[in-house]
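Take a look at the structure set out below.
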Amino acid sequence: MDSITQGLLGAAAAQAVLARRLGPRTWRWGALGGMAADLDILIRSSDDPLVALVWHRHFTHSLAFVPLGGLLCALPWLLRKRWRADRWAILAATTIGYATHGLLDAFTTYGTQLWWPFSSTRVAWDWVAIVDPIYSGILFAGVWLSRRRRSPRSALAALIASSMYLALGGVLHARAVAAARQLAQSRGHVLARVDAFPQLPVDFVWRTAYRANGRIWIDEARTPWFGAVRIREGESLPVVDPEQPGALADGLASDRRAAEALRTFAWFADGWIARAPGEGVQLVDLRYGTAARTVAPLWTLELRPGTTQPAVLHTTRPAPGEFARARWSEIVGD
C-alpha cells in the first residue's frame with residue numbers, strides 16, 4: 001500500500017507491543033520500520049525500464065529480510081550511548097514495524113515476493129486497493145489515540161478493526177469473483193482463469209478479469225457491504241503467451257532482450273497480459289486500468305525487436321480531474 005499507510009500499520013503494531021516500555025515515541029520507530037522497505041523504489045535503470053518493476057517489492061519485502069531490515073532501521077539508535085538502556089526495545093519496535101510491510105502489500109494486487117530467496121512468486125491476494133482511506137483512517141485513529149493516552153489499547157483496537165476490514169475485503173473479493181464466473185457462464189465461455197482486483201479508493205468496486213476463448217475479459221463488479229452484486233460489462237483483448245514470443249512479431253524470438261522483457265512483464269503482471277490493438281507490439285497489464293471496465297491500461301510494454309532499445313515501458317497518467325471523475329462514477333454507480 002502507500003507508504004503513509006505502511007508507516008501507520010508499523011506504528012500501531014509497535015505501540016500495541018511496546019507502548020508501555022518506550023512511551024509516546026514508540027510510534028516513530030514502528031513507523032520507520034513500516035515504511036523502510038519501500039526504499040527499493042530507488043533501484044532503477046535508465047537503460048532497462050523493467051528494472052524498477054522487478055526490484056520493487058523484491059528482497060526488501062520478503063519475510064526472510066525482516067530481521068536485517070529491522071536492524072538497519074534501529075542502527076542509528078543502537079550506536080548511541082544515550083539509547084543504550086532502550087536499545088533492545090527500539091530494535092524490537094523497528095523489527096515489528098518492518099515485519100508488517102510485506103504482509104500488508106501481499107493483500108494488494110501489485111505482487112510481493114514474500115518468499116524470497118526461496119521463491120520468486122509474486123504474492124497478491126487482491127483484498128484491498130493500494131490506497132484505501134477507510135483502512136488508513138482506522139490505523140491513524142489508533143496511533144494518535146495510543147500516543148495521546150500513552151496506552152497500547154487504542155493501537156491494539158485499531159489493529160483488530162483494520163484486520164477485520166481486510167477480512168471484509170476478502171469476502172467482497174470472493175463475491176466479485178463469483179459474479180465474474182456467473183457472467184462468463186451467461187456468455188457461454190469456458191473459464192481458464194478468473195480473478196478480481198479492487199479499485200481505489202473503496203473496497204466495493206472491483207475490476208474483474210477472466211480468460212476464455214483466447215481472450216481476457218474485463219468487467220466491473222459492485223459488491224456493496226449490504227445488497228446484491230451488480231455487474232457492468234466491459235471489454236476484452238487477446239491474451240498473450242510469453243512462451244511463444246515468435247507469435248507476436250517476426251524476429252522477437254531471436255531477440256534475446258525483447259523476449260526476456262516479455263517474460264519479465266508477464267511475470268510482473270501474473271500472466272494478465274494482453275495485446276493492444278494498433279501498430280507494433282503493445283502489451284498491457286490488465287490488472288490495473290484507468291477505469292474498472294475498460295482495457296485502457298496503466299502500464300504498456302512496447303516491444304521493438306532488432307532495435308537498440310527492444311523494450312519500452314509506457315505509463316498512462318490520467319489528468320487528475322478525469323481520474324477523480326472516473327473514480328466517483330464507479331463509487332456512485334453511474
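Each chain in the C-alpha cells gets a letter, A, B and so on, in the order shown; residues start at 1 in every chain, and ligands are counted from 1 in the order they appear.
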DSSP helix (DSSP H, G or I) residues within segment 255-306 of chain A, as number ranges by chain: A: 256-268
Mind dumping the selected residues with N, CA and C atoms as a PDB file, in the first residue's frame?
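Produced file result-v5.pdb, reproduced below:
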```pdb
ATOM      1  N   ARG A 256      17.029 -11.710 -27.884  1.00  0.00           N
ATOM      2  CA  ARG A 256      17.050 -12.206 -26.512  1.00  0.00           C
ATOM      3  C   ARG A 256      16.506 -11.190 -25.513  1.00  0.00           C
ATOM      4  N   ARG A 257      16.879  -9.936 -25.673  1.00  0.00           N
ATOM      5  CA  ARG A 257      16.443  -8.907 -24.712  1.00  0.00           C
ATOM      6  C   ARG A 257      14.937  -8.636 -24.816  1.00  0.00           C
ATOM      7  N   ALA A 258      14.415  -8.630 -26.026  1.00  0.00           N
ATOM      8  CA  ALA A 258      12.980  -8.405 -26.197  1.00  0.00           C
ATOM      9  C   ALA A 258      12.176  -9.570 -25.629  1.00  0.00           C
ATOM     10  N   ALA A 259      12.638 -10.814 -25.915  1.00  0.00           N
ATOM     11  CA  ALA A 259      11.934 -11.989 -25.408  1.00  0.00           C
ATOM     12  C   ALA A 259      11.982 -12.047 -23.888  1.00  0.00           C
ATOM     13  N   GLU A 260      13.122 -11.660 -23.306  1.00  0.00           N
ATOM     14  CA  GLU A 260      13.241 -11.651 -21.849  1.00  0.00           C
ATOM     15  C   GLU A 260      12.352 -10.578 -21.240  1.00  0.00           C
ATOM     16  N   ALA A 261      12.248  -9.429 -21.909  1.00  0.00           N
ATOM     17  CA  ALA A 261      11.361  -8.367 -21.429  1.00  0.00           C
ATOM     18  C   ALA A 261       9.912  -8.835 -21.418  1.00  0.00           C
ATOM     19  N   LEU A 262       9.524  -9.592 -22.435  1.00  0.00           N
ATOM     20  CA  LEU A 262       8.171 -10.147 -22.495  1.00  0.00           C
ATOM     21  C   LEU A 262       7.914 -11.069 -21.309  1.00  0.00           C
ATOM     22  N   ARG A 263       8.861 -11.965 -21.037  1.00  0.00           N
ATOM     23  CA  ARG A 263       8.669 -12.898 -19.928  1.00  0.00           C
ATOM     24  C   ARG A 263       8.658 -12.177 -18.580  1.00  0.00           C
ATOM     25  N   THR A 264       9.501 -11.161 -18.433  1.00  0.00           N
ATOM     26  CA  THR A 264       9.527 -10.385 -17.184  1.00  0.00           C
ATOM     27  C   THR A 264       8.216  -9.653 -16.970  1.00  0.00           C
ATOM     28  N   PHE A 265       7.690  -9.060 -18.016  1.00  0.00           N
ATOM     29  CA  PHE A 265       6.433  -8.324 -17.907  1.00  0.00           C
ATOM     30  C   PHE A 265       5.281  -9.265 -17.566  1.00  0.00           C
ATOM     31  N   ALA A 266       5.284 -10.456 -18.166  1.00  0.00           N
ATOM     32  CA  ALA A 266       4.246 -11.447 -17.863  1.00  0.00           C
ATOM     33  C   ALA A 266       4.356 -11.912 -16.414  1.00  0.00           C
ATOM     34  N   TRP A 267       5.581 -12.082 -15.920  1.00  0.00           N
ATOM     35  CA  TRP A 267       5.797 -12.467 -14.519  1.00  0.00           C
ATOM     36  C   TRP A 267       5.315 -11.370 -13.591  1.00  0.00           C
ATOM     37  N   PHE A 268       5.643 -10.127 -13.913  1.00  0.00           N
ATOM     38  CA  PHE A 268       5.214  -8.996 -13.098  1.00  0.00           C
ATOM     39  C   PHE A 268       3.693  -8.897 -13.042  1.00  0.00           C
TER      40      PHE A 268
END
```
Need to verify the contact set: Glu235 of chain A, 6 Å, only C-alpha atoms, exclusion of same-chain residues closer than 2 positions in sequence. Can you return it as a VMD selection string? chain A and resid 217 to 218 294
How would the residues just chosen look if you wrote them out with C-alpha atoms as a short mmCIF file (atom, residue, chain, number, x, y, z; two decimals), in the first residue's frame?
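Produced file result-v7.cif, reproduced below:
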```
data_model
loop_
_atom_site.label_atom_id
_atom_site.label_comp_id
_atom_site.auth_asym_id
_atom_site.auth_seq_id
_atom_site.Cartn_x
_atom_site.Cartn_y
_atom_site.Cartn_z
CA TRP A 217 -12.42 -10.18 -20.50
CA ILE A 218 -12.57 -7.10 -18.26
CA THR A 294 -12.06 -0.77 -19.77
#
```
Nearby residues (only C-alpha atoms) at most 10 Å from His173 of chain A, same-chain spacing under 6 positions excluded, as a list of chain:residue names: A:Trp125, A:Asp126, A:Trp127, A:Val128, A:Ala167, A:Ala179, A:Asp195, A:Ala196, A:Phe197, A:Pro198, A:Asp203, A:Phe204, A:Val205, A:Trp206, A:Thr208, A:Ala221, A:Thr223
Write a file of the just-selected residues containing N, CA and C atoms, as a PDB file, in the first residue's frame.
```pdb
ATOM      1  N   TRP A 125      -2.962 -11.156  -2.929  1.00  0.00           N
ATOM      2  CA  TRP A 125      -4.260 -11.703  -2.536  1.00  0.00           C
ATOM      3  C   TRP A 125      -5.438 -10.843  -3.017  1.00  0.00           C
ATOM      4  N   ASP A 126      -5.183  -9.618  -3.470  1.00  0.00           N
ATOM      5  CA  ASP A 126      -6.218  -8.782  -4.115  1.00  0.00           C
ATOM      6  C   ASP A 126      -7.395  -8.457  -3.193  1.00  0.00           C
ATOM      7  N   TRP A 127      -7.136  -8.211  -1.931  1.00  0.00           N
ATOM      8  CA  TRP A 127      -8.226  -7.937  -0.999  1.00  0.00           C
ATOM      9  C   TRP A 127      -8.446  -6.457  -0.750  1.00  0.00           C
ATOM     10  N   VAL A 128      -7.435  -5.630  -1.027  1.00  0.00           N
ATOM     11  CA  VAL A 128      -7.542  -4.210  -0.733  1.00  0.00           C
ATOM     12  C   VAL A 128      -6.760  -3.432  -1.781  1.00  0.00           C
ATOM     13  N   ALA A 167     -10.383  -8.495   6.220  1.00  0.00           N
ATOM     14  CA  ALA A 167     -11.169  -9.721   6.069  1.00  0.00           C
ATOM     15  C   ALA A 167     -12.443  -9.457   5.268  1.00  0.00           C
ATOM     16  N   ALA A 179     -19.310 -13.398  -9.163  1.00  0.00           N
ATOM     17  CA  ALA A 179     -20.091 -12.660 -10.155  1.00  0.00           C
ATOM     18  C   ALA A 179     -19.451 -12.763 -11.532  1.00  0.00           C
ATOM     19  N   ASP A 195     -10.238 -13.727 -11.777  1.00  0.00           N
ATOM     20  CA  ASP A 195      -9.817 -13.017 -10.575  1.00  0.00           C
ATOM     21  C   ASP A 195     -10.528 -11.665 -10.530  1.00  0.00           C
ATOM     22  N   ALA A 196     -10.354 -10.951  -9.428  1.00  0.00           N
ATOM     23  CA  ALA A 196     -10.946  -9.622  -9.261  1.00  0.00           C
ATOM     24  C   ALA A 196      -9.940  -8.740  -8.549  1.00  0.00           C
ATOM     25  N   PHE A 197      -9.864  -7.484  -8.975  1.00  0.00           N
ATOM     26  CA  PHE A 197      -8.877  -6.548  -8.447  1.00  0.00           C
ATOM     27  C   PHE A 197      -9.585  -5.305  -7.901  1.00  0.00           C
ATOM     28  N   PRO A 198      -9.300  -4.929  -6.653  1.00  0.00           N
ATOM     29  CA  PRO A 198     -10.003  -3.783  -6.041  1.00  0.00           C
ATOM     30  C   PRO A 198      -9.634  -2.473  -6.721  1.00  0.00           C
ATOM     31  N   ASP A 203     -13.576  -0.471  -1.288  1.00  0.00           N
ATOM     32  CA  ASP A 203     -13.446  -1.927  -1.359  1.00  0.00           C
ATOM     33  C   ASP A 203     -14.682  -2.604  -1.952  1.00  0.00           C
ATOM     34  N   PHE A 204     -15.592  -1.832  -2.534  1.00  0.00           N
ATOM     35  CA  PHE A 204     -16.792  -2.448  -3.090  1.00  0.00           C
ATOM     36  C   PHE A 204     -16.921  -2.259  -4.602  1.00  0.00           C
ATOM     37  N   VAL A 205     -15.867  -1.752  -5.251  1.00  0.00           N
ATOM     38  CA  VAL A 205     -15.819  -1.685  -6.713  1.00  0.00           C
ATOM     39  C   VAL A 205     -14.618  -2.500  -7.167  1.00  0.00           C
ATOM     40  N   TRP A 206     -14.880  -3.446  -8.068  1.00  0.00           N
ATOM     41  CA  TRP A 206     -13.844  -4.389  -8.472  1.00  0.00           C
ATOM     42  C   TRP A 206     -13.713  -4.440  -9.988  1.00  0.00           C
ATOM     43  N   THR A 208     -12.983  -7.007 -12.588  1.00  0.00           N
ATOM     44  CA  THR A 208     -12.897  -8.458 -12.728  1.00  0.00           C
ATOM     45  C   THR A 208     -12.219  -8.810 -14.050  1.00  0.00           C
ATOM     46  N   ALA A 221     -17.489  -5.146 -11.215  1.00  0.00           N
ATOM     47  CA  ALA A 221     -18.417  -5.729 -10.240  1.00  0.00           C
ATOM     48  C   ALA A 221     -18.527  -4.792  -9.045  1.00  0.00           C
ATOM     49  N   THR A 223     -19.817  -4.661  -5.278  1.00  0.00           N
ATOM     50  CA  THR A 223     -20.168  -5.584  -4.190  1.00  0.00           C
ATOM     51  C   THR A 223     -20.435  -4.779  -2.916  1.00  0.00           C
TER      52      THR A 223
END
```
Rows by chain and residue number, segment 82-146 of chain A within 7 Å of segment 42-63 of chain A, shortest pair, only C-alpha atoms, as a Markdown table:
```
| residue | atom | partner | partner_atom | distance |
| --- | --- | --- | --- | --- |
| A:His101 | CA | A:His61 | CA | 6.8 |
| A:Gly102 | CA | A:His61 | CA | 4.6 |
| A:Thr112 | CA | A:Arg57 | CA | 5.1 |
| A:Gln113 | CA | A:His58 | CA | 5.3 |
| A:Leu114 | CA | A:Ser62 | CA | 4.1 |
| A:Trp115 | CA | A:Ser62 | CA | 5.8 |
| A:Trp116 | CA | A:Ser62 | CA | 5.6 |
```
Go ahead and save the residues from that selection, with N, CA and C atoms, as a PDB file, in the first residue's frame.
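Result file is again.pdb:
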```pdb
ATOM      1  N   HIS A 101       5.240  -4.746   6.777  1.00  0.00           N
ATOM      2  CA  HIS A 101       5.218  -4.131   5.446  1.00  0.00           C
ATOM      3  C   HIS A 101       4.886  -5.121   4.333  1.00  0.00           C
ATOM      4  N   GLY A 102       5.698  -6.159   4.211  1.00  0.00           N
ATOM      5  CA  GLY A 102       5.476  -7.119   3.143  1.00  0.00           C
ATOM      6  C   GLY A 102       4.140  -7.826   3.252  1.00  0.00           C
ATOM      7  N   THR A 112       4.015  -9.209  -4.285  1.00  0.00           N
ATOM      8  CA  THR A 112       5.096  -9.048  -3.315  1.00  0.00           C
ATOM      9  C   THR A 112       5.855 -10.361  -3.178  1.00  0.00           C
ATOM     10  N   GLN A 113       7.184 -10.297  -3.239  1.00  0.00           N
ATOM     11  CA  GLN A 113       7.991 -11.520  -3.153  1.00  0.00           C
ATOM     12  C   GLN A 113       8.242 -11.882  -1.681  1.00  0.00           C
ATOM     13  N   LEU A 114       7.176 -12.322  -1.032  1.00  0.00           N
ATOM     14  CA  LEU A 114       7.257 -12.677   0.381  1.00  0.00           C
ATOM     15  C   LEU A 114       8.243 -13.815   0.643  1.00  0.00           C
ATOM     16  N   TRP A 115       8.352 -14.757  -0.294  1.00  0.00           N
ATOM     17  CA  TRP A 115       9.106 -15.978  -0.019  1.00  0.00           C
ATOM     18  C   TRP A 115      10.547 -15.924  -0.527  1.00  0.00           C
ATOM     19  N   TRP A 116      10.992 -14.763  -1.045  1.00  0.00           N
ATOM     20  CA  TRP A 116      12.389 -14.637  -1.465  1.00  0.00           C
ATOM     21  C   TRP A 116      13.291 -14.936  -0.266  1.00  0.00           C
TER      22      TRP A 116
END
```
Could you give me, as a ChimeraX atom specification, the residues within 12 Å of Pro76 of chain A, counting only C-alpha atoms and dropping anything in the same chain fewer than 2 positions from it? /A:29,32,70-74,78-84,87,90-91,94
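Counting from atom CA of Arg122 of chain A, the distance to atom CA of Asp105 of chain A is 10.5 Å.
With only C-alpha atoms as the atoms that count, the minimum distance from Ala12 of chain A to the choices A:Ala253, A:Ala129, A:Val202, A:Leu139 is reached by A:Leu139.
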Looking at A:Ala106, A:Leu283, A:Pro242, A:Gly306, which one is nearest to Thr121 of chain A, with distances taken over only C-alpha atoms? A:Ala106
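If you measure from each of A:Leu75, A:Leu303, A:Leu156, A:Thr290 to Glu322 of chain A using only C-alpha atoms, the closest one turns out to be A:Thr290.
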Selection near Ser151 of chain A, 12 Å with only C-alpha atoms, sequence-local residues under 4 positions removed, as a PyMOL selection string: chain A and resi 12+14-27+142-147+155-157
Requested write-out: C-alpha atoms of the selected residues, as a PDB file, in the first residue's frame:
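File part_25.pdb, as written:
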```
ATOM      1  CA  ALA A  12       0.273   0.707  15.528  1.00  0.00           C
ATOM      2  CA  ALA A  14       4.894  -1.344  17.678  1.00  0.00           C
ATOM      3  CA  GLN A  15       2.634   0.630  20.012  1.00  0.00           C
ATOM      4  CA  ALA A  16       0.463  -2.398  20.719  1.00  0.00           C
ATOM      5  CA  VAL A  17       3.507  -4.312  21.952  1.00  0.00           C
ATOM      6  CA  LEU A  18       5.912  -1.695  23.318  1.00  0.00           C
ATOM      7  CA  ALA A  19       3.981   1.480  24.191  1.00  0.00           C
ATOM      8  CA  ARG A  20       4.354   0.879  27.915  1.00  0.00           C
ATOM      9  CA  ARG A  21       8.086   0.227  27.554  1.00  0.00           C
ATOM     10  CA  LEU A  22       9.070   3.033  25.158  1.00  0.00           C
ATOM     11  CA  GLY A  23       6.354   5.587  25.841  1.00  0.00           C
ATOM     12  CA  PRO A  24       4.795   8.080  23.389  1.00  0.00           C
ATOM     13  CA  ARG A  25       7.769   7.917  20.978  1.00  0.00           C
ATOM     14  CA  THR A  26       7.137   4.262  20.174  1.00  0.00           C
ATOM     15  CA  TRP A  27       5.185   5.095  17.031  1.00  0.00           C
ATOM     16  CA  GLY A 142      -5.430   4.138  16.748  1.00  0.00           C
ATOM     17  CA  VAL A 143      -1.895   5.536  16.502  1.00  0.00           C
ATOM     18  CA  TRP A 144      -2.959   9.046  17.508  1.00  0.00           C
ATOM     19  CA  LEU A 145      -5.047   7.907  20.463  1.00  0.00           C
ATOM     20  CA  SER A 146      -2.399   5.489  21.645  1.00  0.00           C
ATOM     21  CA  ARG A 147       0.231   8.218  21.640  1.00  0.00           C
ATOM     22  CA  ALA A 155      -3.372   0.759  18.835  1.00  0.00           C
ATOM     23  CA  LEU A 156      -4.449  -2.791  19.553  1.00  0.00           C
ATOM     24  CA  ALA A 157      -8.090  -1.908  18.853  1.00  0.00           C
TER      25      ALA A 157
END
```
Excluding Val131 of chain A and residues on its chain fewer than 6 positions from it, collect all residues at most 8 Å away from it, counting only C-alpha atoms, and give them as a PyMOL selection string. chain A and resi 1-2+200-201
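Comparing the minimum interatomic distances between Gly10 of chain A and each of A:Ala296, A:Leu301, A:Ala274, A:Ala37, counting only C-alpha atoms, we find that A:Ala37 sits nearest.
Nearest residue to Asp219 of chain A, choosing from A:Thr5, A:Trp328, A:Gly169, A:Gly289 and counting only C-alpha atoms: A:Gly289.
With distances restricted to only C-alpha atoms, A:Val281 is the closest residue to Arg304 of chain A from A:Val281, A:Gly214, A:Leu237, A:Tyr288.
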